[in-house]
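Reviewing the structure listed below.
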There are 2 protein chains.
Amino acid sequence: MHEAVDRGRLRADIERTGEFGAVDAEEGRGRTVRTGSAANRAAREYLVERLEDAGLSVRIDAVGNVVGRWTPPGADPDAAPVASGSHLDSVPGGGIFDGPLGVYAALEAVRAMRDAGAAPERPVEVVSFTEEEGATFADGVLGSSVAAGARSVEAALALEDDDGRTLEAALDAVGFRGEGRVDAGAWDAWLELHVEQHTELESAGVPVGAVTDITGITHCEATVEGEANHAGATPMADRTDALAAASEFALAVEARAVAEGPPAVGTVGSLSVEPNAANVVPGRVETGVDVRSTEYAAMNRICGAARDELDRLERQRGVTTAFERGFDLEPTPMADRCLGAVERAGERTGIETLRLHSGAFHDTAHVADVTDAGMLFAPSRAGVSHSPKEWTDWADCAAATRVLVAALADLAGADAGEERT
Amino acid sequence: MHEAVDRGRLRADIERTGEFGAVDAEEGRGRTVRTGSAANRAAREYLVERLEDAGLSVRIDAVGNVVGRWTPPGADPDAAPVASGSHLDSVPGGGIFDGPLGVYAALEAVRAMRDAGAAPERPVEVVSFTEEEGATFADGVLGSSVAAGARSVEAALALEDDDGRTLEAALDAVGFRGEGRVDAGAWDAWLELHVEQHTELESAGVPVGAVTDITGITHCEATVEGEANHAGATPMADRTDALAAASEFALAVEARAVAEGPPAVGTVGSLSVEPNAANVVPGRVETGVDVRSTEYAAMNRICGAARDELDRLERQRGVTTAFERGFDLEPTPMADRCLGAVERAGERTGIETLRLHSGAFHDTAHVADVTDAGMLFAPSRAGVSHSPKEWTDWADCAAATRVLVAALADLAGADAGEERT
């Protein structure tokens, strides 16, 4: 049934979604889709329309997760469904594939199974999780954290953005605060197709990745407090320059992550200065640090080195510092059953797959806590993502979707015998 | 006549001015007074009221410079006036003395001369220059650049803030776009009283500084362009991290200024990151650099080192960079005549003075290009300025004002013989 995947239909859905929140870019196609924005509303409404056009019954839960259910003819409507999807939000100035590819590939999979007359034994659900990127209300994977029971609906709805607006108010504003809670634990299995965001597939010339495990991730906030002072009248020796200290901190995080070796990474991605005028010695700096590895001990070593550097800066530069490790998720292995389904699907469809780990965190890590979960990757040109230059060739999108169809059919109990011939 | 200085009257004017644009501060008293803001309007309107209360005739020029003229009884109204003043604007979160002390000390000087029955031969003008701090429309000393003929009225009015609003529109909005141009070249002499913004006076236990020269100043903008990318999926070795590169740049500027030795200083005071999210490798950083010295060659060496570091970062980190030295003023010596008047005034009033240089740039540097100019400093507690912690004791404010009165009377040709007894 993978032959029924319609590349043009998939492409049209992704390109249309890329128009919501589009940003000017010298090269490529960028979008900014924050939870609760007009662009987010448009992307959500378009998805609901496309799910309904395909004959799926749509449900919105209390935190805005969107689920479209297809109950195949002859399937047991009470059987635990097989689910697949991803997210529609983006980082500021992100690309058009990160998220939407997984959502619309799942929908295309349902359409392809239906068009091919496939008869899975289980219902199939197409899912879009709220705020995977964490650009607005949380550190990321917000909707899946609720679906996996890691966070309560109430706690999620009370999260606030930088302007003090709650997620509840933001979802109300876009008409996507539904009822109840999508329960990932009720799914028989889950698959997410996502762009790789790295170069392993491109380098290997393989169109589909079979993910073995998902990196752990920590977000830390480090604050450096010095003394704001006149940049002309304050001699170098009398300064407590928060930005100079924060610069040493950023370089120390980078150096430690480099020393740790792949797949560990450490990033000071955000940095804000007060008062931030050229003629004032910086008085305060806040930084956001992202640390990841498939080895939890490596993550702990990088965070420890970051703390040690702040201690050194207190002693040697006279600043005061604070460090908070606010968000912490350990590495997650994928279920053998799902990884196997993906690899078998590759064999059945004649599309080569490559085992790799995910250096990015995904909603699938939450889902994996409560049911069998797996991931597929499509190649990212030059490994670029979270940028308008993010790109996956349409042929690769279609190839990965074909493998997804075959894997979902396998997991949902469709007769895949014909595929073997 | 310096005995007629009314410390309470001076303090009341400075404290009232400090209420406009007041900001919350854990310690001290802060204010944010940007050109064209409601706070700026209130500060200007209060000054006009106080000038008129003291019997001065007020004039506003086309770029919002405010001048109050006192023509003493018996003085030649056509004689070139002696002028004194400073500015009312502030950096974001600045203190209440930087600027207002000089404006209201000049007004208090006129009131004291008048109250003492002094009869200078020349008119005396009290001046408030537009946007000395450069937080909104220019890099600083905007009003004095026009008064000294270094910039045309038209060029000044066309300057834009970050929102694209022109100075002309901002002055219209607050009702302070007058006519013509205050001409500093028409003044016989100029004195500015300002807070020291450093610790020399405090350390020496001397209440008044006699400024020998004003530092030169350069503002540069350095831009570092890397590649925005996913912070989890991009291995350390594959990154072009604009913030890591900019961190090395900031430390190189600091190291070179330290190596240059006092009085040279170099500051990366502002830094902004794009896209500025913890989970995105920074793609672009813009920094504002401030370089000063009383020796122009030292400034050039620091700027040269900054450029060299950017070249190194291009080679070694693969970033692309840009460097613009947009604002550049050479060091300025004070006129012997004015420095002498200040030192004689110290002797006459029995108030000790100390020679020192100004590490901060001031409107007086522009005025010095077109007439005889001098500066007095009052002590800054702990050397702090551009911060709510900025503080000058009221007794020191009064002492410096007494010296200012005597020096202005000297320059304006009042009979100061009585002061010597």
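Residue numbers start at 1 in each chain; chains themselves are named A, B, ... in the order of the structure tokens; ligands are numbered from 1 in the order shown.
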
Determine, counting only C-alpha atoms, which protein, DNA and RNA residues have an atom within 9 Å of an atom of A:Tyr104; residues of the same chain fewer than 6 positions away are not included. Present the result as a PyMOL selection string.
-> chain A and resi 10-11+13-14+47+85-86+126

Please dump the current selection as a compact mmCIF listing (two decimals), in the first residue's frame; keep N, CA and C atoms.
```
# COMPACT_ATOMS: atom_id res chain seq x y z
N LEU A 10 1.08 15.27 -0.20
CA LEU A 10 1.89 15.50 1.00
C LEU A 10 2.62 16.86 0.91
N ARG A 11 3.24 17.10 -0.24
CA ARG A 11 3.95 18.35 -0.43
C ARG A 11 3.03 19.56 -0.29
N ASP A 13 0.35 19.90 1.44
CA ASP A 13 -0.01 20.14 2.85
C ASP A 13 1.14 20.80 3.60
N ILE A 14 2.36 20.35 3.36
CA ILE A 14 3.52 20.93 4.06
C ILE A 14 3.77 22.35 3.58
N LEU A 47 -5.07 21.94 9.60
CA LEU A 47 -4.94 20.50 9.90
C LEU A 47 -6.31 19.88 10.14
N GLY A 85 2.38 10.92 14.41
CA GLY A 85 2.24 12.36 14.22
C GLY A 85 3.47 13.08 14.70
N SER A 86 3.32 14.37 14.93
CA SER A 86 4.44 15.20 15.35
C SER A 86 3.85 16.54 15.85
N VAL A 126 -3.95 10.11 13.89
CA VAL A 126 -3.00 11.12 13.42
C VAL A 126 -2.96 12.23 14.47
```

Residue list (strand (DSSP E), DSSP) for stretch 73-278 of chain B, as a VMD selection string = chain B and resid 82 to 87 124 to 129 189 to 195 208 to 214 216 to 225 229 to 230 265 to 274

Those same residues - C-alpha atoms - I'd like them written as a short mmCIF file (atom, residue, chain, number, x, y, z; two decimals), in the first residue's frame.
```cif
data_model
loop_
_atom_site.label_atom_id
_atom_site.label_comp_id
_atom_site.auth_asym_id
_atom_site.auth_seq_id
_atom_site.Cartn_x
_atom_site.Cartn_y
_atom_site.Cartn_z
CA VAL B 82 29.37 83.15 29.84
CA ALA B 83 27.44 79.89 29.78
CA SER B 84 27.12 76.84 32.01
CA GLY B 85 24.96 73.76 32.10
CA SER B 86 24.74 70.07 31.26
CA HIS B 87 21.88 67.74 30.25
CA VAL B 124 25.11 84.45 31.99
CA GLU B 125 23.33 81.58 30.27
CA VAL B 126 22.04 78.34 31.82
CA VAL B 127 22.01 75.51 29.27
CA SER B 128 20.48 72.03 28.96
CA PHE B 129 21.69 70.13 25.88
CA ALA B 189 33.41 80.93 27.93
CA TRP B 190 31.72 77.72 29.12
CA LEU B 191 31.87 75.69 32.32
CA GLU B 192 30.14 72.36 33.03
CA LEU B 193 29.78 70.84 36.48
CA HIS B 194 29.31 67.06 36.35
CA VAL B 195 29.65 64.07 38.63
CA VAL B 208 35.88 69.38 43.59
CA GLY B 209 37.77 68.26 40.50
CA ALA B 210 39.34 70.70 38.02
CA VAL B 211 39.29 68.84 34.69
CA THR B 212 42.43 69.07 32.54
CA ASP B 213 41.15 67.18 29.49
CA ILE B 214 38.33 64.99 28.27
CA GLY B 216 38.42 60.67 23.34
CA ILE B 217 35.66 58.19 22.53
CA THR B 218 34.87 55.72 19.79
CA HIS B 219 31.73 53.66 19.41
CA CYS B 220 32.07 50.62 17.18
CA GLU B 221 29.57 48.02 16.06
CA ALA B 222 30.83 44.51 15.55
CA THR B 223 28.66 41.87 13.93
CA VAL B 224 29.37 38.15 13.96
CA GLU B 225 27.46 35.91 11.60
CA ASN B 229 21.12 25.38 13.83
CA HIS B 230 19.51 22.82 16.08
CA VAL B 265 39.16 51.55 28.54
CA GLY B 266 37.36 49.21 26.16
CA THR B 267 33.85 47.87 26.77
CA VAL B 268 31.49 45.54 24.98
CA GLY B 269 28.40 47.07 26.59
CA SER B 270 25.65 45.73 24.35
CA LEU B 271 25.17 42.33 22.77
CA SER B 272 22.15 40.84 21.06
CA VAL B 273 21.74 37.29 19.85
CA GLU B 274 19.60 35.86 17.04
#
```

For chain A, which residue among B:Pro263, B:Pro331, B:Gly175, B:Gly304 is the nearest when counting only C-alpha atoms?
-> B:Pro263

Hey, what's within 10 Å of B:Ala155 if we count only C-alpha atoms and toss same-chain stuff fewer than 3 positions away? As a ChimeraX atom specification, please?
-> /B:146,151-152,158-159,167

What is the distance, in Å and to one decimal place, between atom CA of B:Gly99 and atom CA of B:Ala12?
->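 These atoms are spaced 15.0 Å apart.
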
Identify, on the basis of only C-alpha atoms, every residue whose closest approach to B:Ala43 does not exceed 7 Å; exclude the query and any residue fewer than 4 positions from it along the same chain; express the result as number ranges by chain.
-> B: 17, 20, 39, 47, 88

Please provide the set of residues having any atom within 12 Å of B:Ala257, restricted to only C-alpha atoms, with same-chain residues fewer than 6 positions apart removed, written as a list of chain:residue names.
->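 With the cut-off at 12 Å, the set is A:Ala231, A:Gly232, A:Pro235, A:Met236, A:Ala237, B:Ala250, B:Leu251, B:Pro263, B:Ala264, B:Val265, B:Gly266, B:Thr267, B:Val268, B:Val289, B:Asp290, B:Val291, B:Arg292, B:Ser293, B:Ala298, B:Met299, B:Asn300, B:Arg301, B:Ile302, B:Cys303, B:Gly304, B:Ala305, B:Ala306.
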
Output of the above residues as a PDB file, in the first residue's frame, restricted to C-alpha atoms:
```
ATOM      1  CA  ALA A 231      31.967  52.582  30.412  1.00  0.00           C
ATOM      2  CA  GLY A 232      34.224  55.619  30.129  1.00  0.00           C
ATOM      3  CA  PRO A 235      38.948  51.906  34.869  1.00  0.00           C
ATOM      4  CA  MET A 236      39.318  48.314  33.691  1.00  0.00           C
ATOM      5  CA  ALA A 237      40.681  47.277  37.086  1.00  0.00           C
TER       6      ALA A 237
ATOM      7  CA  ALA B 250      34.379  40.505  23.989  1.00  0.00           C
ATOM      8  CA  LEU B 251      37.221  38.985  25.984  1.00  0.00           C
ATOM      9  CA  PRO B 263      43.273  55.694  31.335  1.00  0.00           C
ATOM     10  CA  ALA B 264      42.383  53.557  28.282  1.00  0.00           C
ATOM     11  CA  VAL B 265      39.162  51.549  28.536  1.00  0.00           C
ATOM     12  CA  GLY B 266      37.361  49.206  26.158  1.00  0.00           C
ATOM     13  CA  THR B 267      33.854  47.873  26.770  1.00  0.00           C
ATOM     14  CA  VAL B 268      31.492  45.541  24.984  1.00  0.00           C
ATOM     15  CA  VAL B 289      31.861  48.534  21.671  1.00  0.00           C
ATOM     16  CA  ASP B 290      32.985  51.677  23.515  1.00  0.00           C
ATOM     17  CA  VAL B 291      36.682  52.660  23.462  1.00  0.00           C
ATOM     18  CA  ARG B 292      38.183  55.673  25.278  1.00  0.00           C
ATOM     19  CA  SER B 293      41.466  57.258  26.229  1.00  0.00           C
ATOM     20  CA  ALA B 298      45.731  54.076  22.442  1.00  0.00           C
ATOM     21  CA  MET B 299      42.149  54.193  21.157  1.00  0.00           C
ATOM     22  CA  ASN B 300      43.369  53.249  17.691  1.00  0.00           C
ATOM     23  CA  ARG B 301      45.363  50.336  19.069  1.00  0.00           C
ATOM     24  CA  ILE B 302      42.307  48.932  20.897  1.00  0.00           C
ATOM     25  CA  CYS B 303      40.111  49.276  17.797  1.00  0.00           C
ATOM     26  CA  GLY B 304      42.855  47.648  15.744  1.00  0.00           C
ATOM     27  CA  ALA B 305      43.017  44.724  18.150  1.00  0.00           C
ATOM     28  CA  ALA B 306      39.228  44.346  17.910  1.00  0.00           C
TER      29      ALA B 306
END
```

Which residue of B:Glu390, B:Glu309, B:Glu352, B:Glu324 approaches chain A most closely, using only C-alpha atoms |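 For chain A, the nearest of the given residues is B:Glu390.
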
All residues 9 Å or closer to stretch 95-97 of chain A, only C-alpha atoms, same chain fewer than 3 positions away omitted, as a PDB file with N, CA and C atoms, in the first residue's frame:
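Produced file out-v5.pdb, reproduced below:
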```
ATOM      1  N   ILE A  14       2.364  20.348   3.360  1.00  0.00           N
ATOM      2  CA  ILE A  14       3.521  20.925   4.060  1.00  0.00           C
ATOM      3  C   ILE A  14       3.771  22.351   3.580  1.00  0.00           C
ATOM      4  N   GLU A  15       3.679  22.579   2.280  1.00  0.00           N
ATOM      5  CA  GLU A  15       3.922  23.934   1.764  1.00  0.00           C
ATOM      6  C   GLU A  15       2.861  24.907   2.246  1.00  0.00           C
ATOM      7  N   THR A  17       1.173  24.683   5.029  1.00  0.00           N
ATOM      8  CA  THR A  17       1.446  24.924   6.450  1.00  0.00           C
ATOM      9  C   THR A  17       2.613  25.897   6.615  1.00  0.00           C
ATOM     10  N   GLY A  18       3.584  25.833   5.695  1.00  0.00           N
ATOM     11  CA  GLY A  18       4.742  26.716   5.759  1.00  0.00           C
ATOM     12  C   GLY A  18       4.403  28.178   5.513  1.00  0.00           C
ATOM     13  N   GLU A  19       3.225  28.429   4.977  1.00  0.00           N
ATOM     14  CA  GLU A  19       2.831  29.824   4.732  1.00  0.00           C
ATOM     15  C   GLU A  19       2.357  30.519   6.006  1.00  0.00           C
ATOM     16  N   ALA A  22       4.953  32.797   7.990  1.00  0.00           N
ATOM     17  CA  ALA A  22       6.158  32.869   7.149  1.00  0.00           C
ATOM     18  C   ALA A  22       6.969  34.117   7.476  1.00  0.00           C
ATOM     19  N   GLY A  28      15.928  30.051   1.442  1.00  0.00           N
ATOM     20  CA  GLY A  28      15.054  29.075   2.060  1.00  0.00           C
ATOM     21  C   GLY A  28      13.712  29.658   2.454  1.00  0.00           C
ATOM     22  N   ARG A  29      12.976  28.884   3.280  1.00  0.00           N
ATOM     23  CA  ARG A  29      11.632  29.289   3.690  1.00  0.00           C
ATOM     24  C   ARG A  29      11.520  29.178   5.193  1.00  0.00           C
ATOM     25  N   GLY A  30      11.308  30.309   5.871  1.00  0.00           N
ATOM     26  CA  GLY A  30      11.223  30.301   7.324  1.00  0.00           C
ATOM     27  C   GLY A  30       9.821  30.561   7.821  1.00  0.00           C
ATOM     28  N   ARG A  31       9.566  30.156   9.063  1.00  0.00           N
ATOM     29  CA  ARG A  31       8.271  30.442   9.694  1.00  0.00           C
ATOM     30  C   ARG A  31       8.476  30.584  11.189  1.00  0.00           C
ATOM     31  N   THR A  32       7.629  31.400  11.806  1.00  0.00           N
ATOM     32  CA  THR A  32       7.598  31.543  13.251  1.00  0.00           C
ATOM     33  C   THR A  32       6.184  31.216  13.697  1.00  0.00           C
ATOM     34  N   SER A  90       6.794  26.008  15.715  1.00  0.00           N
ATOM     35  CA  SER A  90       8.190  26.146  15.289  1.00  0.00           C
ATOM     36  C   SER A  90       8.950  27.024  16.271  1.00  0.00           C
ATOM     37  N   VAL A  91      10.270  26.964  16.191  1.00  0.00           N
ATOM     38  CA  VAL A  91      11.086  27.979  16.863  1.00  0.00           C
ATOM     39  C   VAL A  91      10.934  29.281  16.081  1.00  0.00           C
ATOM     40  N   PRO A 100       5.739  19.688  10.827  1.00  0.00           N
ATOM     41  CA  PRO A 100       4.696  19.430   9.826  1.00  0.00           C
ATOM     42  C   PRO A 100       4.922  18.171   8.990  1.00  0.00           C
ATOM     43  N   LEU A 101       6.179  17.822   8.690  1.00  0.00           N
ATOM     44  CA  LEU A 101       6.421  16.592   7.922  1.00  0.00           C
ATOM     45  C   LEU A 101       5.810  15.388   8.630  1.00  0.00           C
ATOM     46  N   GLY A 102       6.025  15.286   9.957  1.00  0.00           N
ATOM     47  CA  GLY A 102       5.533  14.133  10.710  1.00  0.00           C
ATOM     48  C   GLY A 102       4.017  14.099  10.827  1.00  0.00           C
ATOM     49  N   HIS A 194      10.273  12.398  11.469  1.00  0.00           N
ATOM     50  CA  HIS A 194      10.803  13.752  11.718  1.00  0.00           C
ATOM     51  C   HIS A 194      12.021  13.968  10.826  1.00  0.00           C
ATOM     52  N   VAL A 195      12.372  15.225  10.585  1.00  0.00           N
ATOM     53  CA  VAL A 195      13.629  15.479   9.868  1.00  0.00           C
ATOM     54  C   VAL A 195      14.795  15.184  10.806  1.00  0.00           C
ATOM     55  N   SER A 385      18.618  22.720  10.593  1.00  0.00           N
ATOM     56  CA  SER A 385      17.213  22.861  10.985  1.00  0.00           C
ATOM     57  C   SER A 385      17.116  24.062  11.908  1.00  0.00           C
ATOM     58  N   HIS A 386      15.898  24.371  12.364  1.00  0.00           N
ATOM     59  CA  HIS A 386      15.668  25.571  13.193  1.00  0.00           C
ATOM     60  C   HIS A 386      16.182  26.806  12.462  1.00  0.00           C
ATOM     61  N   SER A 387      15.977  26.849  11.187  1.00  0.00           N
ATOM     62  CA  SER A 387      16.493  27.911  10.316  1.00  0.00           C
ATOM     63  C   SER A 387      15.681  27.854   9.020  1.00  0.00           C
ATOM     64  N   PRO A 388      15.534  29.006   8.341  1.00  0.00           N
ATOM     65  CA  PRO A 388      14.859  28.972   7.031  1.00  0.00           C
ATOM     66  C   PRO A 388      15.595  28.094   6.015  1.00  0.00           C
ATOM     67  N   LYS A 389      16.864  27.801   6.267  1.00  0.00           N
ATOM     68  CA  LYS A 389      17.621  26.965   5.326  1.00  0.00           C
ATOM     69  C   LYS A 389      17.339  25.475   5.507  1.00  0.00           C
ATOM     70  N   GLU A 390      16.552  25.113   6.519  1.00  0.00           N
ATOM     71  CA  GLU A 390      16.166  23.709   6.705  1.00  0.00           C
ATOM     72  C   GLU A 390      15.521  23.185   5.426  1.00  0.00           C
ATOM     73  N   TRP A 391      15.937  22.025   4.976  1.00  0.00           N
ATOM     74  CA  TRP A 391      15.342  21.492   3.752  1.00  0.00           C
ATOM     75  C   TRP A 391      15.440  19.976   3.694  1.00  0.00           C
ATOM     76  N   THR A 392      14.342  19.347   3.257  1.00  0.00           N
ATOM     77  CA  THR A 392      14.330  17.911   2.966  1.00  0.00           C
ATOM     78  C   THR A 392      13.728  17.748   1.579  1.00  0.00           C
TER      79      THR A 392
END
```

Please return as a PyMOL selection string: the residues of stretch 223-384 of chain A that backbone DSSP assigns to helix (DSSP H, G or I).
-> chain A and resi 236-238+242-260+296-317+336-349+363-367+381-383

Tell me which protein, DNA and RNA residues are within 6 Å of stretch 405-412 of chain A, counting only C-alpha atoms, leaving out same-chain ones fewer than 2 positions away, and put them as a PyMOL selection string.
-> chain A and resi 2+82+109+120-122+341-342+345+402-403+414

Take atom CA of A:Asp61 and atom CA of A:Arg177 and report the distance between them in Å, one decimal.
->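 Computed distance, atom CA of A:Asp61 to atom CA of A:Arg177, equals 6.7 Å.
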